[in-house]
Each structure stands twice: as structure tokens, then as C-alpha cells.
Amino acid sequence: MNPIDEPPHSLTDPHHMLGAYLDYVRSVVTKKLDGLPEHELRTSRLPSGWTPLELLHHLTHVERRWLRWGFLGEAVDDPWGDRGPDDRWRVPEGRSSAEVRARYERQCAWSRAAVAGVPLERRAATGGRFATEADAPTLGWILFHLLQEYARHAGQLDVVRELADGTVGE
């Protein structure tokens, strides 16, 4: 697995740095899935039971919850649609791994466009995820939250990939 370069250390603008690091960890996540056979994408190697494909589907919904429903306050169908009745992550029956990945990539592209040029100090809209202005975080907070969530999940995929086929590294 070829390493993915971190964003350049010359970045100084916080907005560009956040966007670049989010893209970096998004790339780490998809790179960890590259080359895994379908069976490994849909099999759990952990006691908690989640699969790599379920994690990718979850991250699609995380982006959607925090940026579309959260930051922009848009109405979304089933914001928690990455979970089954047992509150575990799930991929809908019949959805191919290629479709899960394509949906993820479309959501990430939409997310990038939605926050481009928006000041980090702008508060999320009310009426979607956040009922009141006091509940609504800033875009900067939301992007940092996404970054830390991605970092945790990328680390989890490090372990899963090593267990699956011995591949290590970013």
C-alpha cells in the first residue's frame, strides 16, 4: 500500500488546513478498503461486529448529518439511516460495495462544495439537527469534530486491515 502524503506543512489558513486534513483522512479510509475482497468488506473481524463496508456507509451518513442536516439545517430523510433496528451500523440489503463507495465519494464532494469559502465562525442553521441558535455549533467546530471522528475510524480500519491481510501503514 503506497503511503498517502499529508497536506503540505506550509498551509497556514485554518479553513484550508481543515479541508486538506479532512481530505487526507478521507483518502486514508478509502485506501484502507482498496484491494479488500468483497468477503472481507462484508465480514467483521471485531467483537463489536461492524464491517469495513458498514463503516464506510456510516461515514457517508456522518458527513450528511453534520453538514447537510446539521450545518445547513436541511431536511434529510432518515438522518440515522446508517443504523439498523439494533442501533448497529448496517448497509441496506442489496447495496453493492461499489454503490456504497460511490455514495460516499458523492457525499464527500458535496460536503467539500458546501463548506468552500464559508467562514469557520459561521454558526449552523437552526431547524435541522439544531433546534436553537444556542445549540448550533460553528462550522469550525463541526469540521474539527468530523476530523476527529475520521481519525478514530481510520485507526480502526488500520487494525481491521492488518487482521484481514497483514497490510499496515497509511
# chains A, B, ... in the order shown; residues from 1 in each chain; ligands from 1
$ closest_atom_pairs --of "stretch 64-152 of chain A" --to "stretch 4-15 of chain A" --cutoff "8 Å" --atoms "only C-alpha atoms" --output "Markdown table"
| residue | atom | partner | partner_atom | distance |
| --- | --- | --- | --- | --- |
| A:Pro119 | CA | A:His15 | CA | 7.8 |
| A:Leu120 | CA | A:His15 | CA | 6.7 |
| A:Gly140 | CA | A:His15 | CA | 7.9 |
$ residues_around --residues "A:Arg161" --least-positions-apart "3" --cutoff "9 Å" --atoms "only C-alpha atoms" --output "list in words"
Lys32, Leu33, Leu36, Pro52, Gln156, Leu157, Asp158, Ala164, Asp165, Gly166, Thr167 and Val168 of chain A
$ closest_residue --among "A:Ser97, A:Ser27, A:Thr138, A:Ser44" --to "A:Val159" --atoms "only C-alpha atoms"
A:Ser44
$ select_by_dssp --residues "stretch 39-168 of chain A" --states "strand (DSSP E or B)" --output "PDB file with N, CA and C atoms, in the first residue's frame"
ATOM      1  N   ARG A  83     -28.033   3.033  10.506  1.00  0.00           N
ATOM      2  CA  ARG A  83     -28.219   2.130  11.643  1.00  0.00           C
ATOM      3  C   ARG A  83     -29.437   1.249  11.434  1.00  0.00           C
ATOM      4  N   TRP A  89     -24.478  -0.191  12.952  1.00  0.00           N
ATOM      5  CA  TRP A  89     -24.322   0.224  11.565  1.00  0.00           C
ATOM      6  C   TRP A  89     -24.780  -0.911  10.659  1.00  0.00           C
ATOM      7  N   ARG A 123     -22.226  30.046  12.386  1.00  0.00           N
ATOM      8  CA  ARG A 123     -22.966  29.044  13.156  1.00  0.00           C
ATOM      9  C   ARG A 123     -23.882  28.236  12.241  1.00  0.00           C
ATOM     10  N   THR A 138     -20.325  26.190  15.509  1.00  0.00           N
ATOM     11  CA  THR A 138     -19.748  26.863  14.346  1.00  0.00           C
ATOM     12  C   THR A 138     -19.303  25.827  13.316  1.00  0.00           C
TER      13      THR A 138
END
$ closest_residue --among "A:Glu121, A:Asp86, A:Glu149, A:Glu99" --to "A:Val29" --atoms "only C-alpha atoms"
A:Glu149
$ residues_around --residues "A:Thr51" --least-positions-apart "5" --cutoff "10 Å" --atoms "only C-alpha atoms" --output "PyMOL selection string"
chain A and resi 39-46+56-57+89-91+157+160
$ write_last_selection --atoms "C-alpha atoms" --output "PDB file, in the first residue's frame"
ATOM      1  CA  HIS A  39     -15.960 -11.075   1.574  1.00  0.00           C
ATOM      2  CA  GLU A  40     -13.592  -9.011   3.744  1.00  0.00           C
ATOM      3  CA  LEU A  41     -15.573  -5.810   3.119  1.00  0.00           C
ATOM      4  CA  ARG A  42     -18.693  -7.516   4.472  1.00  0.00           C
ATOM      5  CA  THR A  43     -17.113  -9.540   7.300  1.00  0.00           C
ATOM      6  CA  SER A  44     -16.371  -8.317  10.791  1.00  0.00           C
ATOM      7  CA  ARG A  45     -13.101  -9.177  12.467  1.00  0.00           C
ATOM      8  CA  LEU A  46     -14.029  -7.411  15.708  1.00  0.00           C
ATOM      9  CA  LEU A  56     -17.838   3.480   5.006  1.00  0.00           C
ATOM     10  CA  HIS A  57     -21.640   3.677   4.844  1.00  0.00           C
ATOM     11  CA  TRP A  89     -24.322   0.224  11.565  1.00  0.00           C
ATOM     12  CA  ARG A  90     -25.770  -1.557   8.562  1.00  0.00           C
ATOM     13  CA  VAL A  91     -25.640  -1.437   4.791  1.00  0.00           C
ATOM     14  CA  LEU A 157      -9.561   0.391   9.822  1.00  0.00           C
ATOM     15  CA  VAL A 160      -9.058  -4.379  10.642  1.00  0.00           C
TER      16      VAL A 160
END
$ decode --residues "stretch 43-67 of chain A" --atoms "N, CA, C and O atoms" --output "PDB file, in the first residue's frame"
ATOM      1  N   THR A  43     -17.342  -8.675   6.145  1.00  0.00           N
ATOM      2  CA  THR A  43     -17.113  -9.540   7.300  1.00  0.00           C
ATOM      3  C   THR A  43     -16.492  -8.733   8.424  1.00  0.00           C
ATOM      4  O   THR A  43     -15.601  -7.929   8.199  1.00  0.00           O
ATOM      5  N   SER A  44     -16.963  -8.994   9.635  1.00  0.00           N
ATOM      6  CA  SER A  44     -16.371  -8.317  10.791  1.00  0.00           C
ATOM      7  C   SER A  44     -15.258  -9.174  11.372  1.00  0.00           C
ATOM      8  O   SER A  44     -15.366 -10.383  11.460  1.00  0.00           O
ATOM      9  N   ARG A  45     -14.205  -8.516  11.783  1.00  0.00           N
ATOM     10  CA  ARG A  45     -13.101  -9.177  12.467  1.00  0.00           C
ATOM     11  C   ARG A  45     -13.029  -8.722  13.920  1.00  0.00           C
ATOM     12  O   ARG A  45     -12.061  -8.998  14.601  1.00  0.00           O
ATOM     13  N   LEU A  46     -14.049  -7.997  14.373  1.00  0.00           N
ATOM     14  CA  LEU A  46     -14.029  -7.411  15.708  1.00  0.00           C
ATOM     15  C   LEU A  46     -15.237  -7.866  16.530  1.00  0.00           C
ATOM     16  O   LEU A  46     -16.307  -8.124  15.978  1.00  0.00           O
ATOM     17  N   PRO A  47     -15.082  -7.920  17.848  1.00  0.00           N
ATOM     18  CA  PRO A  47     -16.208  -8.329  18.707  1.00  0.00           C
ATOM     19  C   PRO A  47     -17.443  -7.441  18.560  1.00  0.00           C
ATOM     20  O   PRO A  47     -18.566  -7.918  18.707  1.00  0.00           O
ATOM     21  N   SER A  48     -17.244  -6.167  18.239  1.00  0.00           N
ATOM     22  CA  SER A  48     -18.391  -5.258  18.099  1.00  0.00           C
ATOM     23  C   SER A  48     -19.240  -5.589  16.881  1.00  0.00           C
ATOM     24  O   SER A  48     -20.397  -5.208  16.810  1.00  0.00           O
ATOM     25  N   GLY A  49     -18.667  -6.273  15.896  1.00  0.00           N
ATOM     26  CA  GLY A  49     -19.442  -6.774  14.768  1.00  0.00           C
ATOM     27  C   GLY A  49     -19.519  -5.905  13.532  1.00  0.00           C
ATOM     28  O   GLY A  49     -20.100  -6.323  12.530  1.00  0.00           O
ATOM     29  N   TRP A  50     -18.959  -4.695  13.537  1.00  0.00           N
ATOM     30  CA  TRP A  50     -19.076  -3.873  12.325  1.00  0.00           C
ATOM     31  C   TRP A  50     -18.109  -4.351  11.247  1.00  0.00           C
ATOM     32  O   TRP A  50     -17.081  -4.927  11.529  1.00  0.00           O
ATOM     33  N   THR A  51     -18.496  -4.081  10.006  1.00  0.00           N
ATOM     34  CA  THR A  51     -17.682  -4.470   8.853  1.00  0.00           C
ATOM     35  C   THR A  51     -17.073  -3.218   8.221  1.00  0.00           C
ATOM     36  O   THR A  51     -17.594  -2.101   8.399  1.00  0.00           O
ATOM     37  N   PRO A  52     -16.007  -3.372   7.436  1.00  0.00           N
ATOM     38  CA  PRO A  52     -15.436  -2.202   6.756  1.00  0.00           C
ATOM     39  C   PRO A  52     -16.442  -1.473   5.861  1.00  0.00           C
ATOM     40  O   PRO A  52     -16.462  -0.239   5.825  1.00  0.00           O
ATOM     41  N   LEU A  53     -17.300  -2.209   5.174  1.00  0.00           N
ATOM     42  CA  LEU A  53     -18.284  -1.565   4.312  1.00  0.00           C
ATOM     43  C   LEU A  53     -19.316  -0.804   5.141  1.00  0.00           C
ATOM     44  O   LEU A  53     -19.745   0.291   4.766  1.00  0.00           O
ATOM     45  N   GLU A  54     -19.703  -1.362   6.288  1.00  0.00           N
ATOM     46  CA  GLU A  54     -20.619  -0.649   7.175  1.00  0.00           C
ATOM     47  C   GLU A  54     -19.990   0.643   7.685  1.00  0.00           C
ATOM     48  O   GLU A  54     -20.667   1.667   7.810  1.00  0.00           O
ATOM     49  N   LEU A  55     -18.709   0.613   7.967  1.00  0.00           N
ATOM     50  CA  LEU A  55     -18.034   1.823   8.426  1.00  0.00           C
ATOM     51  C   LEU A  55     -18.054   2.894   7.336  1.00  0.00           C
ATOM     52  O   LEU A  55     -18.310   4.067   7.616  1.00  0.00           O
ATOM     53  N   LEU A  56     -17.810   2.517   6.097  1.00  0.00           N
ATOM     54  CA  LEU A  56     -17.838   3.480   5.006  1.00  0.00           C
ATOM     55  C   LEU A  56     -19.243   4.063   4.836  1.00  0.00           C
ATOM     56  O   LEU A  56     -19.406   5.274   4.657  1.00  0.00           O
ATOM     57  N   HIS A  57     -20.242   3.223   4.926  1.00  0.00           N
ATOM     58  CA  HIS A  57     -21.640   3.677   4.844  1.00  0.00           C
ATOM     59  C   HIS A  57     -21.938   4.628   6.011  1.00  0.00           C
ATOM     60  O   HIS A  57     -22.584   5.668   5.828  1.00  0.00           O
ATOM     61  N   HIS A  58     -21.446   4.296   7.191  1.00  0.00           N
ATOM     62  CA  HIS A  58     -21.609   5.154   8.367  1.00  0.00           C
ATOM     63  C   HIS A  58     -20.995   6.531   8.117  1.00  0.00           C
ATOM     64  O   HIS A  58     -21.613   7.566   8.412  1.00  0.00           O
ATOM     65  N   LEU A  59     -19.786   6.582   7.567  1.00  0.00           N
ATOM     66  CA  LEU A  59     -19.114   7.862   7.329  1.00  0.00           C
ATOM     67  C   LEU A  59     -19.873   8.719   6.308  1.00  0.00           C
ATOM     68  O   LEU A  59     -19.878   9.948   6.415  1.00  0.00           O
ATOM     69  N   THR A  60     -20.537   8.090   5.355  1.00  0.00           N
ATOM     70  CA  THR A  60     -21.384   8.833   4.418  1.00  0.00           C
ATOM     71  C   THR A  60     -22.467   9.563   5.196  1.00  0.00           C
ATOM     72  O   THR A  60     -22.732  10.748   4.976  1.00  0.00           O
ATOM     73  N   HIS A  61     -23.076   8.856   6.132  1.00  0.00           N
ATOM     74  CA  HIS A  61     -24.152   9.449   6.938  1.00  0.00           C
ATOM     75  C   HIS A  61     -23.624  10.459   7.946  1.00  0.00           C
ATOM     76  O   HIS A  61     -24.308  11.438   8.254  1.00  0.00           O
ATOM     77  N   VAL A  62     -22.425  10.249   8.452  1.00  0.00           N
ATOM     78  CA  VAL A  62     -21.816  11.215   9.366  1.00  0.00           C
ATOM     79  C   VAL A  62     -21.666  12.558   8.652  1.00  0.00           C
ATOM     80  O   VAL A  62     -22.036  13.612   9.188  1.00  0.00           O
ATOM     81  N   GLU A  63     -21.120  12.528   7.447  1.00  0.00           N
ATOM     82  CA  GLU A  63     -20.960  13.763   6.669  1.00  0.00           C
ATOM     83  C   GLU A  63     -22.320  14.431   6.444  1.00  0.00           C
ATOM     84  O   GLU A  63     -22.474  15.641   6.600  1.00  0.00           O
ATOM     85  N   ARG A  64     -23.286  13.628   6.082  1.00  0.00           N
ATOM     86  CA  ARG A  64     -24.630  14.124   5.792  1.00  0.00           C
ATOM     87  C   ARG A  64     -25.276  14.721   7.042  1.00  0.00           C
ATOM     88  O   ARG A  64     -25.901  15.784   6.991  1.00  0.00           O
ATOM     89  N   ARG A  65     -25.149  14.020   8.176  1.00  0.00           N
ATOM     90  CA  ARG A  65     -25.749  14.509   9.424  1.00  0.00           C
ATOM     91  C   ARG A  65     -25.144  15.834   9.868  1.00  0.00           C
ATOM     92  O   ARG A  65     -25.854  16.739  10.289  1.00  0.00           O
ATOM     93  N   TRP A  66     -23.811  15.916   9.804  1.00  0.00           N
ATOM     94  CA  TRP A  66     -23.152  17.108  10.338  1.00  0.00           C
ATOM     95  C   TRP A  66     -23.196  18.299   9.386  1.00  0.00           C
ATOM     96  O   TRP A  66     -23.257  19.446   9.843  1.00  0.00           O
ATOM     97  N   LEU A  67     -23.173  18.075   8.085  1.00  0.00           N
ATOM     98  CA  LEU A  67     -23.105  19.205   7.167  1.00  0.00           C
ATOM     99  C   LEU A  67     -24.446  19.534   6.514  1.00  0.00           C
ATOM    100  O   LEU A  67     -24.857  20.691   6.514  1.00  0.00           O
TER     101      LEU A  67
END
